[in-house]
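So the structure is just underneath, and the comments pick up after that.
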Amino acid sequence: MALAAVLLVSGCATGGRVGAAEKLAIYRAAAGLPVNSFPFHGSITGWTPLGDGAIALWTSPRRAWLLDLDGPCPDIEFTPVIAVTSSQAGRVSARFDKVLASGQGSMQIPCRISEIRPLDTSKVKAAEKAAREDQEASSGT
């Protein structure tokens with residue numbers, strides 16, 4: 001039986017002026033082809049909620065993954081803490097592992113990972129910067 005390693009990550013959820021739908025589109029455009037799993041050595045440097053059905057998870061400053069979840073994941077957009085399971089030693093796998101969003105109290109809500117796609121973090125950063133600049137230009141600031 002595989003042991004589940006769980007790492008809690010506190011509030012690195014990034015917000016900003018870019019709307020949720022636009023942010024998800026940016027991340028999807030910067031994502032590569034689906035992979036079955038990714039290496040996981042217990043280090044998460046940040047995460048970004050992308051609506052209630054996806055997150056971006058950083059395992060280093062330049063390495064991130066788009067995780068699509070099976071259906072809506074309650075509290076994922078607002079929780080200050082998440083956890084990620086690793087049912088296979090050193091890897092997080094689609095269809096087997098979960099993102100755990102802290103709900104009310106100490107309850108953790110499991111959200112199964114349905115798909116994993118590597119992210120081009122330089123594309124994400126450039127697209128988010130361009131979107132913020134467009135919003136500032138259109139709002140007259």
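Chain identifiers are assigned as A, B, and so on, following the order in which chains appear in the structure tokens; residues are numbered from 1 within each chain, and ligands are numbered from 1 in order of appearance.
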request  = Find the spatial neighbours of range 105-115 of chain A, counting only C-alpha atoms, within a cut-off of 12 Å - ignore same-chain residues fewer than 4 positions away - and output them as a PyMOL selection string.
outcome  = chain A and resi 6+8+28+31-38+52-57+65-76+79-87+92-101
ask   = Among range 66-130 of chain A, which residues carry a DSSP assignment of helix (DSSP H, G or I), reported as a PyMOL selection string?
value = chain A and resi 121-130
Just to be explicit: take each residue in the selection above, keep C-alpha atoms, and write the result as an mmCIF file, in the first residue's frame.
data_model
loop_
_atom_site.group_PDB
_atom_site.id
_atom_site.type_symbol
_atom_site.label_atom_id
_atom_site.label_comp_id
_atom_site.auth_asym_id
_atom_site.auth_seq_id
_atom_site.Cartn_x
_atom_site.Cartn_y
_atom_site.Cartn_z
ATOM 1 C CA THR A 121 6.307 30.084 -16.317
ATOM 2 C CA SER A 122 7.950 32.773 -18.451
ATOM 3 C CA LYS A 123 4.873 32.782 -20.750
ATOM 4 C CA VAL A 124 2.563 33.003 -17.725
ATOM 5 C CA LYS A 125 4.449 35.957 -16.233
ATOM 6 C CA ALA A 126 4.623 37.813 -19.564
ATOM 7 C CA ALA A 127 0.911 37.254 -20.307
ATOM 8 C CA GLU A 128 -0.157 38.339 -16.792
ATOM 9 C CA LYS A 129 1.990 41.484 -17.075
ATOM 10 C CA ALA A 130 0.473 42.304 -20.474
#
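Pairwise distance (CA of Phe40 in chain A, CA of Gln88 in chain A) equals 9.5 Å.
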ask   = Which is closer to Trp47 in chain A than all the others in A:Phe78, A:Gly19, A:Ala137, A:Ala89, using only C-alpha atoms?
value =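 The shortest atom-to-atom distance to Trp47 in chain A comes from A:Phe78.
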ask   = Any idea what the distance is between CA of Lys23 in chain A and CA of Gly90 in chain A?
value =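 Distance reported for this atom pair: 29.2 Å.
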